[in-house]
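Participant: Pasting final_9.txt here (compact mmCIF, C-alpha atoms):
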```txt
# COMPACT_ATOMS: atom_id res chain seq x y z
CA MET A 1 79.34 87.69 117.37
CA ARG A 2 79.22 84.14 118.70
CA ALA A 3 79.15 82.82 115.12
CA ALA A 4 82.17 84.94 114.16
CA GLN A 5 84.13 83.54 117.10
CA ALA A 6 83.18 80.00 116.09
CA THR A 7 84.33 80.44 112.49
CA ALA A 8 87.59 82.04 113.59
CA LYS A 9 88.51 78.75 115.25
CA MET A 10 87.59 76.67 112.23
CA LYS A 11 90.56 74.70 110.91
CA GLY A 12 89.13 72.42 108.25
CA PRO A 13 85.89 71.65 106.45
CA GLU A 14 82.73 70.94 108.42
CA ILE A 15 80.28 68.63 106.68
CA HIS A 16 76.62 68.10 107.54
CA ASN A 17 74.78 65.85 105.07
CA ASN A 18 74.76 67.80 101.78
CA LYS A 19 76.38 70.95 103.17
CA ILE A 20 80.07 71.77 103.52
CA VAL A 21 81.48 74.83 105.27
CA ILE A 22 85.15 75.73 104.83
CA PRO A 23 87.37 78.51 106.14
CA SER A 24 88.73 80.72 103.34
CA ASP A 25 91.78 78.65 102.52
CA GLN A 26 92.53 77.90 98.85
CA GLU A 27 94.24 74.67 99.88
CA LEU A 28 90.84 73.26 100.87
CA ILE A 29 89.37 73.47 97.37
CA ALA A 30 90.12 69.78 96.71
CA LYS A 31 87.96 68.91 99.74
CA VAL A 32 85.07 70.77 98.14
CA ASP A 33 85.57 68.84 94.90
CA GLU A 34 85.63 65.55 96.79
CA PHE A 35 82.44 66.48 98.67
CA VAL A 36 80.58 67.43 95.49
CA GLU A 37 81.76 64.51 93.35
CA THR A 38 81.00 61.94 96.06
CA ARG A 39 77.39 63.07 96.28
CA LEU A 40 77.00 63.00 92.49
CA ARG A 41 78.64 59.58 92.06
CA ASP A 42 76.21 58.13 94.61
CA ARG A 43 73.48 58.91 92.06
CA ASN A 44 75.06 57.25 89.00
CA ILE A 45 75.39 60.47 87.04
CA ASP A 46 77.36 60.64 83.79
CA ASP A 47 81.07 61.44 84.28
CA SER A 48 80.91 64.41 81.93
CA ILE A 49 78.07 66.02 83.90
CA ILE A 50 79.90 65.33 87.16
CA ALA A 51 82.98 67.06 85.75
CA ASP A 52 80.94 70.09 84.63
CA ILE A 53 79.39 70.43 88.08
CA ALA A 54 82.72 69.95 89.87
CA ILE A 55 84.41 72.53 87.62
CA CYS A 56 81.69 75.06 88.42
CA ALA A 57 81.46 74.30 92.13
CA THR A 58 85.22 74.72 92.62
CA GLU A 59 85.11 77.83 90.43
CA VAL A 60 82.47 79.54 92.55
CA VAL A 61 84.03 78.47 95.86
CA ASN A 62 87.41 79.81 94.66
CA ASN A 63 85.66 83.11 93.89
CA GLY A 64 84.11 83.15 97.36
CA ILE A 65 87.48 82.56 99.02
CA ILE A 66 89.51 84.97 96.89
CA HIS A 67 87.17 87.77 95.72
CA GLY A 68 84.49 87.52 98.40
CA ASN A 69 86.32 86.73 101.63
CA LYS A 70 89.72 88.06 100.40
CA ASP A 71 91.45 84.94 101.76
CA ASP A 72 90.41 85.92 105.30
CA ARG A 73 90.51 82.56 107.10
CA SER A 74 88.11 83.75 109.77
CA LYS A 75 85.40 83.96 107.10
CA THR A 76 83.74 80.89 105.66
CA VAL A 77 82.38 79.70 102.33
CA THR A 78 79.33 77.43 102.49
CA LEU A 79 78.24 75.09 99.70
CA GLU A 80 74.94 73.24 99.84
CA MET A 81 73.53 70.73 97.36
CA VAL A 82 69.83 70.03 96.92
CA PHE A 83 68.63 67.27 94.58
CA SER A 84 65.13 67.43 93.12
CA ASP A 85 63.27 66.68 89.87
CA GLY A 86 66.31 65.37 88.02
CA GLU A 87 68.48 68.36 88.76
CA VAL A 88 70.88 69.61 91.40
CA THR A 89 70.84 73.08 92.89
CA ILE A 90 74.15 74.18 94.41
CA THR A 91 74.19 77.30 96.56
CA VAL A 92 77.54 78.87 97.45
CA THR A 93 77.61 81.69 99.99
CA ASP A 94 80.56 83.72 101.23
CA GLN A 95 80.90 86.28 104.02
CA GLY A 96 82.70 89.06 102.16
CA ASP A 97 81.41 92.15 100.39
CA PHE A 98 78.91 91.56 97.59
CA PHE A 99 80.84 90.83 94.40
CA ASP A 100 78.71 91.07 91.27
CA ALA A 101 80.53 88.88 88.77
CA ASN A 102 77.84 89.63 86.18
CA HIS A 103 79.65 92.80 85.23
CA ILE A 104 83.20 91.70 84.56
CA ALA A 105 84.78 92.22 81.12
CA SER A 106 84.17 89.53 78.53
CA PRO A 107 87.10 87.07 78.68
CA VAL A 108 86.64 86.14 75.02
CA ASP A 109 87.28 89.66 73.72
CA ASP A 110 90.63 89.73 71.93
CA GLU A 111 92.18 92.17 74.42
CA ASN A 112 91.32 89.86 77.35
CA LEU A 113 92.29 86.50 75.89
CA MET A 114 95.74 86.44 77.50
CA ARG A 115 94.51 87.48 80.93
CA GLU A 116 95.18 84.83 83.57
CA VAL A 117 91.98 85.58 85.48
CA GLY A 118 88.44 86.69 84.77
CA ARG A 119 86.88 83.73 82.96
CA GLY A 120 85.42 81.78 85.93
CA ILE A 121 81.81 82.96 85.83
CA PHE A 122 81.87 82.91 82.03
CA ILE A 123 82.70 79.19 82.14
CA VAL A 124 80.09 78.56 84.84
CA LYS A 125 77.39 80.22 82.76
CA ASN A 126 78.34 78.05 79.79
CA LEU A 127 78.32 74.76 81.69
CA MET A 128 75.32 75.20 84.00
CA ASP A 129 71.63 75.36 83.03
CA GLN A 130 70.97 78.34 85.31
CA VAL A 131 73.19 80.71 87.31
CA ASP A 132 71.95 83.39 89.70
CA ILE A 133 74.23 85.79 91.58
CA GLU A 134 72.68 87.72 94.44
CA ARG A 135 73.47 89.57 97.63
CA ALA A 136 73.46 87.18 100.62
CA ASN A 137 71.51 88.08 103.75
CA GLY A 138 74.69 88.78 105.71
CA GLY A 139 76.07 91.04 102.94
CA GLY A 140 78.24 88.50 101.10
CA THR A 141 77.61 86.92 97.72
CA ARG A 142 75.30 83.99 97.06
CA VAL A 143 75.68 82.09 93.80
CA ILE A 144 73.01 79.57 92.84
CA LEU A 145 73.85 76.96 90.20
CA ILE A 146 71.29 74.64 88.66
CA LYS A 147 72.22 71.68 86.46
CA LYS A 148 70.04 68.95 84.97
CA LEU A 149 71.46 65.55 85.77
CA LYS A 150 70.53 63.78 82.49
CA MET B 1 97.28 67.35 91.02
CA LYS B 2 100.62 65.55 90.85
CA LEU B 3 103.37 66.75 88.54
CA THR B 4 106.18 64.80 86.96
CA SER B 5 108.61 65.95 84.30
CA ARG B 6 111.13 64.49 81.88
CA GLU B 7 113.24 65.63 78.96
CA GLN B 8 113.36 64.25 75.42
CA ASP B 9 115.20 65.61 72.36
CA GLY B 10 115.99 68.84 74.21
CA VAL B 11 112.33 69.43 75.08
CA VAL B 12 110.92 69.47 78.61
CA ILE B 13 107.75 67.42 79.01
CA LEU B 14 105.57 68.23 82.00
CA GLU B 15 103.01 65.61 82.96
CA PRO B 16 100.41 66.85 85.43
CA LYS B 17 97.98 64.23 86.71
CA GLY B 18 94.56 64.70 88.32
CA LYS B 19 92.55 67.91 88.33
CA ILE B 20 93.82 71.48 88.17
CA MET B 21 91.43 73.52 90.29
CA GLY B 22 93.38 75.99 92.41
CA GLY B 23 95.20 75.87 95.74
CA PRO B 24 98.71 74.38 95.64
CA ASP B 25 98.21 73.29 91.99
CA ALA B 26 98.35 76.91 91.01
CA THR B 27 102.00 77.27 91.91
CA ALA B 28 103.50 73.85 91.09
CA LEU B 29 103.16 74.00 87.30
CA LYS B 30 104.10 77.69 87.06
CA GLU B 31 107.18 77.27 89.25
CA SER B 32 108.31 74.20 87.36
CA ILE B 33 108.19 76.05 84.02
CA ARG B 34 109.99 79.07 85.51
CA ASP B 35 112.73 76.82 86.88
CA TYR B 36 113.27 75.15 83.49
CA VAL B 37 113.26 78.47 81.64
CA ASN B 38 115.80 79.84 84.13
CA GLU B 39 118.03 76.86 83.19
CA ASP B 40 117.58 77.94 79.54
CA LYS B 41 115.31 74.94 78.85
CA LYS B 42 112.58 76.90 77.17
CA ASN B 43 110.93 74.47 74.79
CA VAL B 44 108.17 72.79 76.72
CA VAL B 45 105.32 70.35 76.15
CA ILE B 46 102.53 69.99 78.70
CA ASP B 47 101.03 66.52 78.32
CA LEU B 48 97.43 66.71 79.54
CA ALA B 49 96.55 63.04 79.00
CA GLU B 50 96.12 62.42 82.73
CA VAL B 51 94.32 65.65 83.60
CA ASP B 52 90.64 64.85 84.16
CA TRP B 53 89.55 68.47 84.08
CA MET B 54 90.57 71.98 85.04
CA ASN B 55 88.65 75.11 85.97
CA SER B 56 89.52 78.72 85.14
CA THR B 57 92.41 78.58 87.61
CA GLY B 58 93.93 75.81 85.49
CA LEU B 59 93.41 77.78 82.29
CA GLY B 60 95.05 80.81 83.95
CA ILE B 61 98.02 78.64 84.88
CA LEU B 62 98.39 77.47 81.27
CA ILE B 63 98.33 81.09 80.10
CA SER B 64 100.94 82.04 82.69
CA CYS B 65 103.13 79.16 81.49
CA LEU B 66 102.71 80.27 77.87
CA LYS B 67 103.72 83.85 78.76
CA THR B 68 106.79 82.67 80.67
CA VAL B 69 107.97 80.55 77.75
CA LYS B 70 107.20 83.17 75.08
CA GLU B 71 109.04 85.88 77.03
CA ALA B 72 112.08 83.60 76.92
CA GLU B 73 111.49 83.11 73.17
CA GLY B 74 110.75 79.43 73.68
CA GLU B 75 107.88 77.21 72.59
CA LEU B 76 104.99 75.80 74.59
CA LYS B 77 102.85 73.04 73.10
CA LEU B 78 100.00 71.02 74.58
CA SER B 79 99.45 67.33 73.90
CA ASN B 80 96.75 64.75 74.53
CA VAL B 81 94.15 67.35 75.47
CA THR B 82 91.10 65.51 76.82
CA ASP B 83 87.61 66.21 75.47
CA LYS B 84 86.55 68.10 78.60
CA ILE B 85 89.53 70.44 78.43
CA LYS B 86 89.17 70.83 74.64
CA SER B 87 85.62 71.94 75.26
CA LEU B 88 86.79 74.53 77.83
CA LEU B 89 89.46 75.83 75.44
CA THR B 90 86.78 76.20 72.77
CA ILE B 91 84.25 77.95 75.03
CA THR B 92 86.89 80.44 76.18
CA LYS B 93 88.42 80.87 72.69
CA LEU B 94 91.79 79.83 74.14
CA VAL B 95 91.87 77.24 71.40
CA THR B 96 93.19 80.15 69.29
CA VAL B 97 96.02 80.82 71.74
CA PHE B 98 97.46 77.34 72.36
CA ASP B 99 99.03 74.90 69.90
CA ALA B 100 97.61 71.48 70.74
CA TYR B 101 98.71 68.11 69.31
CA ASP B 102 97.13 64.67 69.41
CA SER B 103 100.34 63.01 70.61
CA THR B 104 103.28 64.06 72.76
CA ASP B 105 105.73 62.98 70.01
CA GLU B 106 104.09 65.40 67.57
CA ALA B 107 104.17 68.15 70.20
CA ILE B 108 107.87 67.50 70.89
CA ALA B 109 108.67 67.67 67.18
CA ALA B 110 106.85 71.02 66.96
CA ALA B 111 108.54 72.43 70.09
CA LYS B 112 112.14 71.56 69.09
```
As structure tokens - that is how I would like this structure written.

Facilitator:
Amino acid sequence: MRAAQATAKMKGPEIHNNKIVIPSDQELIAKVDEFVETRLRDRNIDDSIIADIAICATEVVNNGIIHGNKDDRSKTVTLEMVFSDGEVTITVTDQGDFFDANHIASPVDDENLMREVGRGIFIVKNLMDQVDIERANGGGTRVILIKKLK
Amino acid sequence: MKLTSREQDGVVILEPKGKIMGGPDATALKESIRDYVNEDKKNVVIDLAEVDWMNSTGLGILISCLKTVKEAEGELKLSNVTDKIKSLLTITKLVTVFDAYDSTDEAIAAAK
């Protein structure tokens, strides 16, 4: 209850080392990109890999804001980066209902090609080395992305 | 993302700059195309030379723009598509949906 009251007052991103927490506001997605890219550039990683990771991080956070938290600003999306053994693990957690993006229609089927939405997780799975989607402890969705940095 | 536009040979050229990832970007490009189409300027080139990358939101915006122009019986062409975006268009098979040209001049000639 105390946590819910705290997040309801949240206006912008809160950053603690390699973790960023944002209220569900699509206008804050650029802040997430800046957070992720800054931490990758500090490690002299190839621009193309940085772009792949930034594309996927913003993709999954957008999903958390829109499909998970339904744009409810009192709910947050948390992104955390962990670097180890030449790879980065990015965990994105929302506070909505569990949304299993593993079971959406294939965006590359002819009948879906002109759809404006529905290709986010497909792109993420193509660009990352590993993607896991699971139910978060609080009932939301947790997406774990792993990408080798070389 | 920043968006500028100009006209050449009766074709509207939209020049987004930066990254297209969602938020306010999502509306700027779509609204700009709608405004031009409403003025009966329905042949459009989107020059992507200065777009570092886009995510699925950006691809969705391009599709929306294509639909708007096609419904008005106009033409939408892409130019200067960067390697990263080319790769996304290939992965998603949208390379079969969009006409892309190496230069804006070629795209303008095709959109006229």

Participant: What gap, in Å, lies between atom CA of Gly138 of chain A and atom CA of Ser24 of chain A?

Facilitator: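 Rounded to one decimal, the two atoms are 16.4 Å apart.
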
Participant: Leaving out Ala101 of chain A and any residue of its chain fewer than 6 positions from it, which residues lie within 10 Å of it when counting all atoms listed in the file, given as an MDAnalysis selection string?

Facilitator: chainID A and resid 63 67 118 120:122 133:134 141 143

Participant: Since we have the selection now, will you write its residues out, keeping C-alpha atoms, as a PDB file, keeping the file's coordinate frame?

Facilitator:
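Once everything was written out, this is result_9.pdb:
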```
ATOM      1  CA  ASN A  63      85.660  83.110  93.890  1.00  0.00           C
ATOM      2  CA  HIS A  67      87.170  87.770  95.720  1.00  0.00           C
ATOM      3  CA  GLY A 118      88.440  86.690  84.770  1.00  0.00           C
ATOM      4  CA  GLY A 120      85.420  81.780  85.930  1.00  0.00           C
ATOM      5  CA  ILE A 121      81.810  82.960  85.830  1.00  0.00           C
ATOM      6  CA  PHE A 122      81.870  82.910  82.030  1.00  0.00           C
ATOM      7  CA  ILE A 133      74.230  85.790  91.580  1.00  0.00           C
ATOM      8  CA  GLU A 134      72.680  87.720  94.440  1.00  0.00           C
ATOM      9  CA  THR A 141      77.610  86.920  97.720  1.00  0.00           C
ATOM     10  CA  VAL A 143      75.680  82.090  93.800  1.00  0.00           C
TER      11      VAL A 143
END
```

Participant: At a cut-off of 8 Å, which residues of chain B touch chain A? Count only C-alpha atoms and give the answer as a list in words.

Facilitator: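 Result, ordered by chain then number: Met21, Gly22, Gly23, Pro24, Trp53, Met54, Asn55, Ser56, Thr57, Leu59, Gly60, Ile61, Ile63, Ser64, Lys84, Leu88, Ile91, Thr92, Lys93, Leu94 and Val97 of chain B.
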
Participant: Which one of B:Cys65, B:Glu31, B:Asp99, B:Ile13 sits closest to Lys77 of chain B if you count all atoms listed in the file?

Facilitator: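 Checking each of B:Cys65, B:Glu31, B:Asp99, B:Ile13 against Lys77 of chain B, counting all atoms listed in the file, the winner is B:Asp99.
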
Participant: Would you work out the distance separating atom CA of Asp102 of chain B from atom CA of Leu29 of chain B, expressed in Å to one decimal?

Facilitator: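 These atoms are spaced 21.1 Å apart.
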
Participant: For atom CA of Asp71 of chain A and atom CA of Thr91 of chain A, determine how far apart the two atoms are, in Å to one decimal place.

Facilitator: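 Atom CA of Asp71 of chain A sits 19.6 Å away from atom CA of Thr91 of chain A.
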
Participant: Applying 12 Å and all atoms listed in the file, which residues near Ile33 of chain B remain after dropping the ones on its own chain fewer than 6 positions away? List them as a PyMOL selection string.

Facilitator: chain B and resi 3-5+11-15+27+39-46+61-70+72+74-76
